[in-house]
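As stored in start05.cif (mmCIF, C-alpha atoms):
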```
data_work
#
loop_
_atom_site.label_atom_id
_atom_site.label_comp_id
_atom_site.auth_asym_id
_atom_site.auth_seq_id
_atom_site.Cartn_x
_atom_site.Cartn_y
_atom_site.Cartn_z
CA MET L 1 -74.46 9.78 -17.68
CA THR L 2 -77.19 7.44 -16.61
CA GLU L 3 -77.20 5.61 -13.30
CA ARG L 4 -76.45 1.92 -13.22
CA ALA L 5 -79.54 -0.27 -13.59
CA PRO L 6 -80.48 -3.82 -12.52
CA ARG L 7 -78.88 -6.48 -14.66
CA ARG L 8 -81.96 -7.83 -16.41
CA SER L 9 -84.95 -5.82 -17.55
CA ARG L 10 -86.35 -4.77 -20.88
CA LEU L 11 -85.77 -1.20 -19.69
CA ARG L 12 -82.30 -1.82 -18.26
CA ARG L 13 -79.37 0.53 -18.99
CA SER L 14 -76.02 -1.13 -19.50
CA ALA L 15 -72.54 3.73 -19.75
CA LEU L 16 -51.71 19.39 -28.16
CA SER L 17 -53.48 20.57 -30.36
CA ALA L 18 -50.95 19.12 -32.85
CA ALA L 19 -48.31 21.55 -34.04
CA ALA L 20 -47.52 19.51 -37.13
CA ALA L 21 -49.50 17.60 -39.72
CA VAL L 22 -50.50 14.07 -38.80
CA THR L 23 -50.48 11.16 -41.24
CA LEU L 24 -52.74 8.18 -40.66
CA ALA L 25 -53.17 5.18 -42.95
CA ALA L 26 -56.58 4.81 -44.56
CA ALA L 27 -56.80 1.27 -43.30
CA PHE L 28 -56.64 2.66 -39.77
CA LEU L 29 -59.52 5.07 -40.21
CA ALA L 30 -61.78 3.82 -43.02
CA PRO L 31 -64.58 1.28 -42.47
CA ALA L 32 -64.24 -2.22 -43.84
CA ALA L 33 -65.93 -3.46 -47.01
CA SER L 34 -66.15 -6.89 -48.62
CA ALA L 35 -63.61 -7.68 -51.31
CA ALA L 36 -62.61 -10.69 -53.36
CA PRO L 37 -59.61 -12.53 -51.90
CA LYS L 38 -56.35 -11.01 -53.13
CA ALA L 39 -53.14 -9.58 -51.78
CA PRO L 40 -53.74 -6.49 -49.65
CA VAL L 41 -53.20 -3.17 -51.39
CA ALA L 42 -52.38 -0.23 -49.13
CA PRO L 43 -54.04 2.99 -50.31
CA ALA L 44 -52.13 6.24 -50.06
CA ALA L 45 -52.26 7.78 -46.61
CA PRO L 46 -54.01 11.15 -46.43
CA THR L 47 -52.27 14.15 -44.91
CA VAL L 48 -54.38 15.67 -42.17
CA ALA L 49 -54.20 19.34 -41.22
CA ALA L 50 -53.69 20.06 -37.55
CA ALA L 51 -56.82 20.85 -35.59
CA PRO L 52 -57.12 24.30 -34.04
CA ASP L 53 -56.87 24.92 -30.33
CA ILE L 54 -60.31 24.99 -28.74
CA PRO L 55 -60.36 27.99 -26.37
CA VAL L 56 -61.40 26.71 -22.98
CA ALA L 57 -62.81 30.16 -22.22
CA ASN L 58 -65.34 29.62 -25.02
CA VAL L 59 -66.30 26.21 -23.68
CA LYS L 60 -66.74 27.65 -20.19
CA ALA L 61 -68.87 30.46 -21.59
CA HIS L 62 -71.34 27.84 -22.85
CA LEU L 63 -71.36 26.29 -19.38
CA VAL L 64 -72.18 29.67 -17.84
CA GLN L 65 -75.15 29.93 -20.19
CA LEU L 66 -76.35 26.43 -19.29
CA GLN L 67 -76.02 27.27 -15.60
CA SER L 68 -78.07 30.44 -16.11
CA ILE L 69 -80.74 28.43 -17.93
CA ALA L 70 -80.92 25.93 -15.07
CA THR L 71 -81.05 28.65 -12.44
CA ALA L 72 -83.93 30.33 -14.25
CA ASN L 73 -85.84 27.05 -14.62
CA GLY L 74 -86.08 25.31 -11.27
CA GLY L 75 -82.40 24.48 -10.91
CA ASN L 76 -82.20 21.82 -13.62
CA ARG L 77 -82.26 21.13 -17.36
CA ALA L 78 -84.00 17.77 -17.24
CA HIS L 79 -86.12 16.04 -19.87
CA GLY L 80 -89.66 17.38 -19.93
CA ARG L 81 -88.69 20.52 -18.01
CA PRO L 82 -88.43 24.02 -19.51
CA GLY L 83 -84.72 24.16 -18.76
CA TYR L 84 -84.02 21.40 -21.25
CA LYS L 85 -85.90 23.05 -24.11
CA ALA L 86 -84.11 26.33 -23.35
CA SER L 87 -80.79 24.47 -23.48
CA ILE L 88 -81.62 22.98 -26.89
CA ASP L 89 -82.70 26.40 -28.17
CA TYR L 90 -79.40 27.92 -27.01
CA VAL L 91 -77.26 25.31 -28.79
CA LYS L 92 -79.40 25.47 -31.94
CA SER L 93 -79.10 29.24 -32.17
CA LYS L 94 -75.31 29.03 -32.07
CA LEU L 95 -75.21 26.39 -34.81
CA ASP L 96 -77.74 28.15 -37.04
CA ALA L 97 -75.65 31.31 -36.90
CA ALA L 98 -72.52 29.30 -37.78
CA GLY L 99 -74.00 27.91 -41.02
CA TYR L 100 -75.10 24.45 -39.97
CA THR L 101 -78.23 22.73 -41.19
CA THR L 102 -80.00 21.93 -37.94
CA THR L 103 -82.91 19.58 -37.35
CA LEU L 104 -84.90 19.37 -34.13
CA LYS L 105 -86.24 15.83 -33.75
CA THR L 106 -88.95 15.13 -31.20
CA PHE L 107 -89.89 12.01 -29.27
CA SER L 108 -92.14 11.23 -26.35
CA TYR L 109 -91.14 9.76 -23.00
CA ASN L 110 -92.93 9.71 -19.64
CA GLY L 111 -95.70 11.81 -21.09
CA SER L 112 -93.36 14.64 -22.10
CA THR L 113 -91.92 15.75 -25.41
CA GLY L 114 -88.20 15.20 -25.78
CA TYR L 115 -85.81 16.79 -28.24
CA ASN L 116 -82.72 15.69 -30.11
CA LEU L 117 -80.76 18.29 -32.06
CA ILE L 118 -78.88 17.19 -35.21
CA ALA L 119 -76.48 19.57 -36.96
CA ASP L 120 -74.94 18.81 -40.37
CA TRP L 121 -71.95 20.72 -41.75
CA PRO L 122 -72.23 21.27 -45.53
CA GLY L 123 -70.06 19.13 -47.79
CA GLY L 124 -68.13 15.93 -47.43
CA ASP L 125 -69.03 12.47 -48.68
CA ALA L 126 -72.51 11.81 -47.25
CA SER L 127 -71.94 8.06 -47.53
CA HIS L 128 -69.14 8.39 -44.95
CA VAL L 129 -70.45 10.26 -41.92
CA ILE L 130 -68.30 11.15 -38.91
CA MET L 131 -70.61 11.98 -36.02
CA ALA L 132 -69.92 13.34 -32.55
CA GLY L 133 -72.47 13.83 -29.82
CA ALA L 134 -73.31 14.37 -26.18
CA HIS L 135 -76.41 14.33 -24.04
CA LEU L 136 -77.70 17.76 -23.10
CA ASP L 137 -80.17 16.88 -20.35
CA SER L 138 -79.46 16.93 -16.62
CA VAL L 139 -81.01 14.99 -13.79
CA THR L 140 -83.91 16.69 -12.02
CA GLY L 141 -81.78 17.23 -8.90
CA GLY L 142 -79.21 19.63 -10.34
CA PRO L 143 -78.07 21.79 -13.25
CA GLY L 144 -75.84 19.09 -14.77
CA ILE L 145 -72.86 21.25 -15.66
CA ASN L 146 -70.29 18.46 -15.71
CA ASP L 147 -72.91 15.79 -16.45
CA ASN L 148 -73.26 16.65 -19.19
CA GLY L 149 -72.94 20.32 -19.91
CA SER L 150 -69.20 19.70 -20.25
CA GLY L 151 -69.48 17.21 -23.11
CA SER L 152 -72.23 19.23 -24.79
CA ALA L 153 -70.18 22.42 -24.60
CA GLY L 154 -67.00 20.71 -25.84
CA VAL L 155 -68.83 19.28 -28.85
CA LEU L 156 -70.57 22.61 -29.52
CA GLU L 157 -67.35 24.62 -29.47
CA THR L 158 -65.66 22.07 -31.75
CA ALA L 159 -68.56 22.41 -34.20
CA LEU L 160 -68.21 26.19 -34.08
CA ALA L 161 -64.45 25.82 -34.68
CA VAL L 162 -65.27 23.85 -37.84
CA SER L 163 -67.28 26.81 -39.03
CA ARG L 164 -64.62 29.37 -38.07
CA ALA L 165 -61.99 27.37 -39.99
CA GLY L 166 -64.24 26.93 -43.02
CA LEU L 167 -63.32 23.25 -42.90
CA GLN L 168 -63.88 21.29 -46.12
CA PRO L 169 -63.77 17.68 -44.92
CA THR L 170 -63.48 14.63 -47.11
CA LYS L 171 -66.16 12.93 -45.04
CA HIS L 172 -69.45 14.42 -43.92
CA LEU L 173 -69.60 15.91 -40.43
CA ARG L 174 -72.63 15.59 -38.18
CA PHE L 175 -73.12 16.55 -34.55
CA GLY L 176 -75.87 15.53 -32.13
CA TRP L 177 -77.21 16.60 -28.74
CA TRP L 178 -79.42 14.02 -27.06
CA GLY L 179 -82.41 14.30 -24.76
CA ALA L 180 -83.53 12.01 -21.93
CA GLU L 181 -80.19 10.25 -21.60
CA GLU L 182 -80.66 10.21 -17.86
CA TYR L 183 -83.70 7.96 -18.33
CA GLY L 184 -81.74 5.33 -20.25
CA MET L 185 -80.40 6.87 -23.47
CA ILE L 186 -83.96 7.47 -24.70
CA GLY L 187 -83.12 10.25 -27.16
CA SER L 188 -80.15 8.57 -28.82
CA LYS L 189 -82.04 5.27 -29.03
CA ASN L 190 -84.90 7.08 -30.72
CA TYR L 191 -82.52 8.63 -33.24
CA VAL L 192 -80.71 5.40 -34.10
CA ASN L 193 -83.95 3.44 -34.34
CA SER L 194 -85.46 6.09 -36.62
CA LEU L 195 -82.75 5.56 -39.22
CA GLY L 196 -83.29 3.13 -42.05
CA ALA L 197 -80.65 0.50 -42.70
CA THR L 198 -79.13 2.53 -45.53
CA GLU L 199 -78.84 5.74 -43.51
CA ARG L 200 -77.49 3.85 -40.51
CA SER L 201 -74.81 2.24 -42.63
CA LYS L 202 -73.57 5.67 -43.73
CA ILE L 203 -72.52 6.57 -40.18
CA GLU L 204 -68.94 5.39 -40.21
CA THR L 205 -68.04 6.52 -36.69
CA TYR L 206 -69.86 7.89 -33.66
CA LEU L 207 -67.85 9.64 -30.93
CA ASN L 208 -69.48 10.24 -27.54
CA PHE L 209 -68.44 12.77 -24.90
CA ASP L 210 -70.15 12.41 -21.53
CA MET L 211 -68.47 14.22 -18.59
CA ILE L 212 -65.15 15.70 -19.72
CA GLY L 213 -64.53 18.23 -16.92
CA SER L 214 -64.74 16.21 -13.71
CA PRO L 215 -63.24 18.11 -10.76
CA ASN L 216 -60.98 15.20 -9.70
CA PRO L 217 -60.40 14.07 -13.26
CA GLY L 218 -59.22 10.93 -14.93
CA TYR L 219 -58.37 10.50 -18.60
CA PHE L 220 -60.36 7.57 -19.93
CA THR L 221 -60.82 6.42 -23.53
CA TYR L 222 -63.60 4.21 -24.84
CA ARG L 223 -62.22 0.73 -25.45
CA TYR L 224 -64.62 -0.64 -28.06
CA ASP L 225 -62.64 0.13 -31.22
CA SER L 226 -58.86 -0.24 -31.18
CA ALA L 227 -58.23 2.38 -33.87
CA LEU L 228 -60.33 5.05 -32.16
CA ASP L 229 -58.85 4.17 -28.78
CA ALA L 230 -55.37 4.61 -30.27
CA LEU L 231 -56.36 7.91 -31.86
CA PHE L 232 -57.14 9.42 -28.45
CA ARG L 233 -54.45 7.52 -26.56
CA ASN L 234 -51.72 8.74 -28.91
CA TYR L 235 -53.03 12.30 -28.75
CA PHE L 236 -52.79 12.38 -24.97
CA ALA L 237 -49.39 10.66 -25.08
CA GLY L 238 -48.23 13.70 -27.05
CA LEU L 239 -49.23 15.77 -24.02
CA GLY L 240 -47.36 13.45 -21.68
CA ILE L 241 -50.61 12.01 -20.30
CA SER L 242 -51.16 8.30 -19.94
CA THR L 243 -54.79 7.23 -20.44
CA GLU L 244 -56.79 4.28 -19.20
CA GLN L 245 -59.63 2.48 -20.91
CA ASP L 246 -63.06 3.27 -19.51
CA PHE L 247 -65.08 0.61 -17.71
CA GLU L 248 -67.15 2.81 -15.39
CA GLY L 249 -69.25 4.21 -18.23
CA ASP L 250 -69.64 0.92 -20.08
CA GLY L 251 -73.08 0.92 -21.70
CA ARG L 252 -74.26 3.87 -19.59
CA SER L 253 -74.24 6.63 -22.18
CA ASP L 254 -75.33 7.47 -25.71
CA HIS L 255 -72.66 5.47 -27.50
CA ALA L 256 -74.51 2.28 -26.52
CA PRO L 257 -77.39 2.52 -29.06
CA PHE L 258 -74.92 3.25 -31.86
CA GLN L 259 -72.68 0.37 -30.86
CA SER L 260 -75.60 -2.03 -30.63
CA ALA L 261 -76.61 -1.00 -34.14
CA GLY L 262 -73.20 -2.01 -35.45
CA ILE L 263 -71.69 1.47 -35.70
CA ARG L 264 -68.14 1.78 -34.41
CA VAL L 265 -67.89 4.04 -31.40
CA GLY L 266 -65.24 5.90 -29.46
CA GLY L 267 -65.10 8.69 -26.94
CA LEU L 268 -63.66 10.24 -23.82
CA PHE L 269 -64.66 10.34 -20.16
CA SER L 270 -63.18 12.03 -17.08
CA GLY L 271 -64.91 9.88 -14.44
CA ALA L 272 -68.11 9.94 -12.38
CA ASP L 273 -68.78 8.37 -8.99
CA TYR L 274 -66.00 5.76 -9.01
CA THR L 275 -63.14 6.44 -6.58
CA LYS L 276 -59.75 7.60 -7.83
CA THR L 277 -56.99 5.19 -6.80
CA SER L 278 -53.58 6.10 -5.47
CA ALA L 279 -52.01 4.98 -8.74
CA GLN L 280 -54.38 7.20 -10.71
CA ALA L 281 -53.71 10.18 -8.45
CA ALA L 282 -49.96 9.66 -8.92
CA LYS L 283 -50.48 9.63 -12.69
CA TRP L 284 -53.06 12.39 -13.11
CA GLY L 285 -52.93 14.43 -9.90
CA GLY L 286 -55.98 15.06 -7.81
CA THR L 287 -57.08 13.28 -4.66
CA ALA L 288 -56.92 9.54 -4.14
CA GLY L 289 -59.79 7.96 -2.25
CA GLN L 290 -62.29 10.52 -3.55
CA PRO L 291 -64.76 10.23 -6.47
CA PHE L 292 -63.78 11.65 -9.82
CA ASP L 293 -66.92 13.79 -9.48
CA ARG L 294 -68.19 14.21 -5.93
CA CYS L 295 -71.20 16.16 -7.26
CA TYR L 296 -72.30 13.49 -9.72
CA HIS L 297 -76.10 13.71 -10.13
CA SER L 298 -76.28 16.30 -7.35
CA SER L 299 -77.32 19.91 -6.91
CA CYS L 300 -73.66 20.91 -6.55
CA ASP L 301 -72.94 19.98 -10.18
CA THR L 302 -72.57 23.67 -11.05
CA THR L 303 -69.96 25.73 -12.90
CA ALA L 304 -67.85 25.41 -9.73
CA ASN L 305 -67.73 21.64 -10.34
CA ILE L 306 -65.39 21.80 -13.36
CA ASN L 307 -61.66 21.18 -13.70
CA ASP L 308 -60.54 23.70 -16.32
CA THR L 309 -57.41 21.78 -17.30
CA ALA L 310 -59.28 18.56 -18.02
CA LEU L 311 -62.01 20.46 -19.87
CA ASP L 312 -59.38 22.19 -22.02
CA ARG L 313 -57.46 19.01 -22.85
CA MET L 314 -60.57 16.99 -23.58
CA SER L 315 -62.07 19.69 -25.82
CA ASP L 316 -58.83 19.91 -27.81
CA ALA L 317 -58.88 16.11 -28.15
CA ILE L 318 -62.41 16.26 -29.58
CA ALA L 319 -61.24 18.68 -32.26
CA HIS L 320 -58.18 16.54 -32.98
CA ALA L 321 -60.39 13.51 -33.58
CA ILE L 322 -62.88 15.39 -35.76
CA TRP L 323 -60.17 16.94 -37.96
CA THR L 324 -58.34 13.63 -38.29
CA LEU L 325 -61.31 11.39 -39.01
CA ALA L 326 -63.11 13.84 -41.31
CA ALA L 327 -60.05 14.07 -43.57
CA GLY L 328 -59.63 10.30 -43.83
CA ASP L 329 -59.62 8.49 -47.15
CA THR L 330 -62.97 6.96 -48.17
CA THR L 331 -61.45 4.18 -50.29
CA PRO L 332 -62.46 0.82 -48.76
CA PRO L 333 -59.52 -1.36 -47.76
CA THR L 334 -58.90 -4.57 -49.63
CA GLY L 335 -57.46 -7.81 -48.33
CA THR L 336 -57.70 -11.58 -48.08
CA VAL L 337 -61.01 -12.83 -46.67
CA PHE L 338 -61.49 -15.97 -44.55
CA GLU L 339 -65.16 -16.76 -43.92
CA ASN L 340 -67.50 -19.26 -42.25
CA THR L 341 -71.09 -19.29 -43.55
CA ALA L 342 -72.34 -22.27 -41.54
CA ASP L 343 -75.23 -21.49 -39.16
CA VAL L 344 -74.62 -21.96 -35.43
CA GLN L 345 -77.61 -21.81 -33.08
CA ILE L 346 -77.24 -19.63 -29.98
CA PRO L 347 -78.93 -21.12 -26.89
CA ASP L 348 -81.36 -18.76 -25.17
CA TYR L 349 -79.77 -17.53 -21.92
CA GLY L 350 -77.27 -20.39 -22.17
CA SER L 351 -73.65 -21.27 -22.68
CA ALA L 352 -71.47 -19.58 -25.26
CA VAL L 353 -71.12 -21.12 -28.71
CA THR L 354 -68.30 -20.70 -31.20
CA SER L 355 -67.82 -20.67 -34.95
CA ASP L 356 -64.37 -21.33 -36.40
CA VAL L 357 -62.39 -19.72 -39.21
CA THR L 358 -59.00 -21.22 -40.10
CA VAL L 359 -56.43 -18.77 -41.42
CA THR L 360 -53.53 -20.11 -43.48
CA GLY L 361 -50.84 -18.72 -45.75
CA ARG L 362 -50.18 -15.59 -43.73
CA THR L 363 -46.81 -14.56 -42.31
CA GLY L 364 -46.16 -13.16 -38.87
CA ASN L 365 -48.84 -11.61 -36.73
CA ALA L 366 -52.33 -10.42 -37.58
CA PRO L 367 -52.96 -6.78 -38.59
CA ALA L 368 -53.36 -3.86 -36.20
CA ALA L 369 -56.69 -3.19 -37.93
CA LEU L 370 -58.08 -6.68 -38.43
CA GLN L 371 -61.63 -6.47 -39.82
CA VAL L 372 -64.17 -8.82 -38.23
CA GLY L 373 -67.42 -8.96 -40.20
CA VAL L 374 -70.34 -10.38 -38.21
CA ASP L 375 -73.85 -11.39 -39.30
CA ILE L 376 -75.92 -12.69 -36.37
CA LYS L 377 -79.67 -13.07 -36.55
CA HIS L 378 -81.27 -12.55 -33.12
CA THR L 379 -84.58 -11.15 -31.91
CA TYR L 380 -83.00 -9.01 -29.13
CA ARG L 381 -79.40 -8.09 -29.89
CA GLY L 382 -78.91 -6.41 -26.53
CA ASP L 383 -78.65 -9.90 -25.02
CA LEU L 384 -75.58 -10.79 -27.03
CA VAL L 385 -71.99 -10.84 -25.81
CA ILE L 386 -69.55 -11.31 -28.69
CA ASP L 387 -65.82 -12.07 -28.53
CA LEU L 388 -63.15 -12.88 -31.08
CA VAL L 389 -60.72 -15.54 -29.85
CA ALA L 390 -57.32 -15.68 -31.54
CA PRO L 391 -55.43 -18.93 -32.27
CA ASN L 392 -53.28 -18.43 -29.15
CA GLY L 393 -56.34 -17.98 -26.92
CA THR L 394 -56.26 -14.18 -26.69
CA SER L 395 -59.80 -12.84 -26.49
CA PHE L 396 -61.05 -9.54 -27.92
CA ARG L 397 -64.40 -8.21 -26.74
CA LEU L 398 -66.42 -7.05 -29.75
CA LYS L 399 -69.76 -6.39 -28.07
CA SER L 400 -71.09 -6.36 -24.52
CA SER L 401 -74.70 -6.94 -23.51
CA SER L 402 -76.92 -3.86 -23.39
CA SER L 403 -80.55 -2.76 -23.28
CA ASP L 404 -80.85 -2.40 -27.06
CA SER L 405 -84.09 -4.12 -28.11
CA GLY L 406 -83.33 -4.08 -31.84
CA ALA L 407 -82.87 -7.24 -33.88
CA ASN L 408 -79.68 -8.69 -35.38
CA VAL L 409 -76.00 -7.75 -35.32
CA GLN L 410 -74.75 -7.05 -38.83
CA THR L 411 -71.57 -5.02 -38.71
CA THR L 412 -67.79 -4.98 -39.03
CA TYR L 413 -65.57 -4.55 -35.98
CA THR L 414 -61.93 -3.39 -36.04
CA VAL L 415 -59.51 -5.24 -33.77
CA ASN L 416 -55.86 -4.55 -33.00
CA ALA L 417 -54.60 -8.10 -33.29
CA SER L 418 -50.98 -7.22 -34.01
CA ALA L 419 -49.74 -9.08 -30.91
CA VAL L 420 -51.11 -12.49 -31.94
CA PRO L 421 -50.16 -14.92 -34.76
CA ALA L 422 -52.22 -14.68 -37.93
CA ASN L 423 -52.27 -18.36 -38.87
CA GLY L 424 -54.43 -20.83 -37.00
CA THR L 425 -58.03 -21.28 -35.91
CA TRP L 426 -59.89 -18.12 -34.94
CA LYS L 427 -63.19 -18.37 -33.12
CA LEU L 428 -66.23 -16.12 -32.95
CA LYS L 429 -67.64 -16.69 -29.46
CA VAL L 430 -71.24 -15.65 -28.82
CA GLN L 431 -73.34 -15.92 -25.67
CA ASP L 432 -76.97 -14.97 -25.04
CA ALA L 433 -76.89 -13.24 -21.64
CA GLY L 434 -80.65 -12.85 -21.17
CA PRO L 435 -83.82 -14.96 -21.42
CA GLN L 436 -86.75 -14.98 -23.85
CA ASP L 437 -85.01 -14.37 -27.20
CA THR L 438 -83.32 -16.61 -29.73
CA GLY L 439 -81.00 -16.46 -32.71
CA TYR L 440 -78.05 -17.91 -34.57
CA ILE L 441 -74.68 -17.02 -36.10
CA ASP L 442 -75.45 -16.68 -39.80
CA SER L 443 -71.90 -16.01 -41.00
CA TRP L 444 -68.73 -14.18 -40.09
CA LYS L 445 -65.41 -13.35 -41.73
CA LEU L 446 -61.91 -12.02 -41.14
CA THR L 447 -60.35 -9.61 -43.64
CA PHE L 448 -56.55 -9.45 -43.53
#
```
In structure tokens, what does this structure look like?
Amino acid sequence: MTERAPRRSRLRRSALSAAAAVTLAAAFLAPAASAAPKAPVAPAAPTVAAAPDIPVANVKAHLVQLQSIATANGGNRAHGRPGYKASIDYVKSKLDAAGYTTTLKTFSYNGSTGYNLIADWPGGDASHVIMAGAHLDSVTGGPGINDNGSGSAGVLETALAVSRAGLQPTKHLRFGWWGAEEYGMIGSKNYVNSLGATERSKIETYLNFDMIGSPNPGYFTYRYDSALDALFRNYFAGLGISTEQDFEGDGRSDHAPFQSAGIRVGGLFSGADYTKTSAQAAKWGGTAGQPFDRCYHSSCDTTANINDTALDRMSDAIAHAIWTLAAGDTTPPTGTVFENTADVQIPDYGSAVTSDVTVTGRTGNAPAALQVGVDIKHTYRGDLVIDLVAPNGTSFRLKSSSSDSGANVQTTYTVNASAVPANGTWKLKVQDAGPQDTGYIDSWKLTF
């Protein structure tokens, strides 16, 4: 995970296995699509096979290999250093042998060649891609076994489990390992920016796993998408573990470029240099008053810096998410649409503006998977902070500011609005949090 960066700069960086079959509604898992106004029709819910247990011994064996690579290459696996290329080669060899189609994508940063590794599993609907990833590079000051050998190894072993099971998913599965994350998500930004609009739109979900074996662990879920948050939260509840939403890693890891491009994101995190509270220690064990990872970005981030229990649980949760999401129905949900197409100018580095949509004729509360379609034209979308405000004043954060220099926000967000009334005036609230760039709300809509 990248370090925190100053607030404003063009280079700133914002960071059990189930024993029975699980049934999830397609509206919970499938992306939204436009539809003519009509009464909602609920598609049949798919039945999802249970994910296999991910052997923690296998995950740890990958970490041993990454440690050996670092030891043999100056004590690190950083971008531009031989240890990073050796790490990529190790992961690629495992995936090639397992039947994946792998692609090594290069980029340049700080005068050095960087590498992203993309692995596609054969089959599945290529217009509905479920992607999981992790950054593979370390800082220059240590081997980076928790940050982020742990996430890389968990994703790798899940991908290998897909191969062992001969999984035939409904949706297409893709995995990614990113370079130069420690310099500001350079590799993942390069990948997202290299995709055309059509290819980008095919990525239905991106799941990010950065630090999942912290020695004084917490159990944090990404909070950006309510359905994905619930997917992980409910999984851990089945283990008797209460999770918290992650704020420490907000905008500091490789989910950020995907989110800024309008792709829904989720993920897991076991904590970095924040201090574990007494309440968290009572809930999760460990030591209050100490960092989740005392060796964060340090030379002591070795194989001794891993909590096996957290690594095991998190790796199993990755597999649970992949098996569940990949088997989801690809039929777009239908529903009643309420839309505002009037332009609203967004002041540069100014106060927030709102655009209203009035919802009528509904009964009870809003859906647990309310679809919020947004079309905002802006020359630097990283500046934008976007909220949905319900008729009763409840606010839902759709997008935080980030360092993404791309243009426009054209995407659909999923919001769990089941606790607020459906009827009334809903507001899209948008603020430009940085200078020098301009834009406007083109249109937005709610699909019930």
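With only C-alpha atoms as the atoms that count, the residue of L:Leu231, L:Val192, L:Ile69, L:Val59 with the shortest distance to Leu160 of chain L is L:Val59.
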Atom-to-atom span, atom CA of Ile88 of chain L and atom CA of Phe247 of chain L, Å: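 Atom-to-atom, atom CA of Ile88 of chain L to atom CA of Phe247 of chain L, that is 29.3 Å.
Evaluated against this file, the PyMOL selection byres ((chain L and resi 409) around 8) yields L:Ser260, L:Ala261, L:Gly262, L:Val374, L:Asp375, L:Ile376, L:Lys377, L:His378, L:Arg381, L:Ala407, L:Asn408, L:Gln410, L:Thr411.
The gap separating atom CA of Ser201 of chain L from atom CA of Pro169 of chain L is 19.1 Å, in Å to one decimal.
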The PyMOL selection byres ((chain L and resi 53) around 7) applied to the shown file, residues as a ChimeraX atom specification: /L:17,51-52,54-55,316
Kindly save the residues from that selection, with C-alpha atoms included, as a PDB file, in the frame of the given file.
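Resulting contents of selection00.pdb:
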```pdb
ATOM      1  CA  SER L  17     -53.480  20.570 -30.360  1.00  0.00           C
ATOM      2  CA  ALA L  51     -56.820  20.850 -35.590  1.00  0.00           C
ATOM      3  CA  PRO L  52     -57.120  24.300 -34.040  1.00  0.00           C
ATOM      4  CA  ILE L  54     -60.310  24.990 -28.740  1.00  0.00           C
ATOM      5  CA  PRO L  55     -60.360  27.990 -26.370  1.00  0.00           C
ATOM      6  CA  ASP L 316     -58.830  19.910 -27.810  1.00  0.00           C
TER       7      ASP L 316
END
```
Result set, the PyMOL selection byres ((chain L and resi 103-116) around 8) on current file, as a ChimeraX atom specification: /L:79-80,85,88,101-102,117-119,176-180,186-188,190-191
Distance of atom CA of Gly184 of chain L from atom CA of Ala433 of chain L, expressed in Å to one decimal place: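 So the two atoms, atom CA of Ala433 of chain L and atom CA of Gly184 of chain L, lie 19.2 Å apart.
Each of L:Val265, L:Val359, L:Val385, L:Leu63 was checked against Thr414 of chain L using only C-alpha atoms; the smallest atom-to-atom distance is that of L:Val265.
Nearest to Thr412 of chain L of all the residues L:Asp147, L:Asp250, L:Asp343, L:Glu204 is L:Glu204, counting all atoms listed in the file.
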As a PDB file, keeping the file's coordinate frame, the rebuilt segment 400-410 of chain L with N, CA and C atoms:
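Wrote it out as part_11.pdb, contents follow:
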```pdb
ATOM      1  N   SER L 400     -70.568  -5.994 -25.830  1.00  0.00           N
ATOM      2  CA  SER L 400     -71.090  -6.360 -24.520  1.00  0.00           C
ATOM      3  C   SER L 400     -72.612  -6.369 -24.570  1.00  0.00           C
ATOM      4  N   SER L 401     -73.238  -6.968 -23.586  1.00  0.00           N
ATOM      5  CA  SER L 401     -74.700  -6.940 -23.510  1.00  0.00           C
ATOM      6  C   SER L 401     -75.157  -5.527 -23.188  1.00  0.00           C
ATOM      7  N   SER L 402     -76.382  -5.208 -23.586  1.00  0.00           N
ATOM      8  CA  SER L 402     -76.920  -3.860 -23.390  1.00  0.00           C
ATOM      9  C   SER L 402     -78.436  -3.948 -23.339  1.00  0.00           C
ATOM     10  N   SER L 403     -79.085  -2.799 -23.304  1.00  0.00           N
ATOM     11  CA  SER L 403     -80.550  -2.760 -23.280  1.00  0.00           C
ATOM     12  C   SER L 403     -81.150  -2.517 -24.655  1.00  0.00           C
ATOM     13  N   ASP L 404     -80.354  -2.645 -25.715  1.00  0.00           N
ATOM     14  CA  ASP L 404     -80.850  -2.400 -27.060  1.00  0.00           C
ATOM     15  C   ASP L 404     -81.813  -3.497 -27.483  1.00  0.00           C
ATOM     16  N   SER L 405     -83.063  -3.129 -27.774  1.00  0.00           N
ATOM     17  CA  SER L 405     -84.090  -4.120 -28.110  1.00  0.00           C
ATOM     18  C   SER L 405     -84.187  -4.397 -29.601  1.00  0.00           C
ATOM     19  N   GLY L 406     -83.301  -3.827 -30.402  1.00  0.00           N
ATOM     20  CA  GLY L 406     -83.330  -4.080 -31.840  1.00  0.00           C
ATOM     21  C   GLY L 406     -82.935  -5.510 -32.169  1.00  0.00           C
ATOM     22  N   ALA L 407     -83.183  -5.886 -33.421  1.00  0.00           N
ATOM     23  CA  ALA L 407     -82.870  -7.240 -33.880  1.00  0.00           C
ATOM     24  C   ALA L 407     -81.563  -7.253 -34.671  1.00  0.00           C
ATOM     25  N   ASN L 408     -80.821  -8.357 -34.534  1.00  0.00           N
ATOM     26  CA  ASN L 408     -79.680  -8.690 -35.380  1.00  0.00           C
ATOM     27  C   ASN L 408     -78.440  -7.837 -35.104  1.00  0.00           C
ATOM     28  N   VAL L 409     -77.287  -8.448 -35.348  1.00  0.00           N
ATOM     29  CA  VAL L 409     -76.000  -7.750 -35.320  1.00  0.00           C
ATOM     30  C   VAL L 409     -75.354  -7.991 -36.674  1.00  0.00           C
ATOM     31  N   GLN L 410     -75.315  -6.960 -37.491  1.00  0.00           N
ATOM     32  CA  GLN L 410     -74.750  -7.050 -38.830  1.00  0.00           C
ATOM     33  C   GLN L 410     -73.803  -5.873 -39.017  1.00  0.00           C
TER      34      GLN L 410
END
```
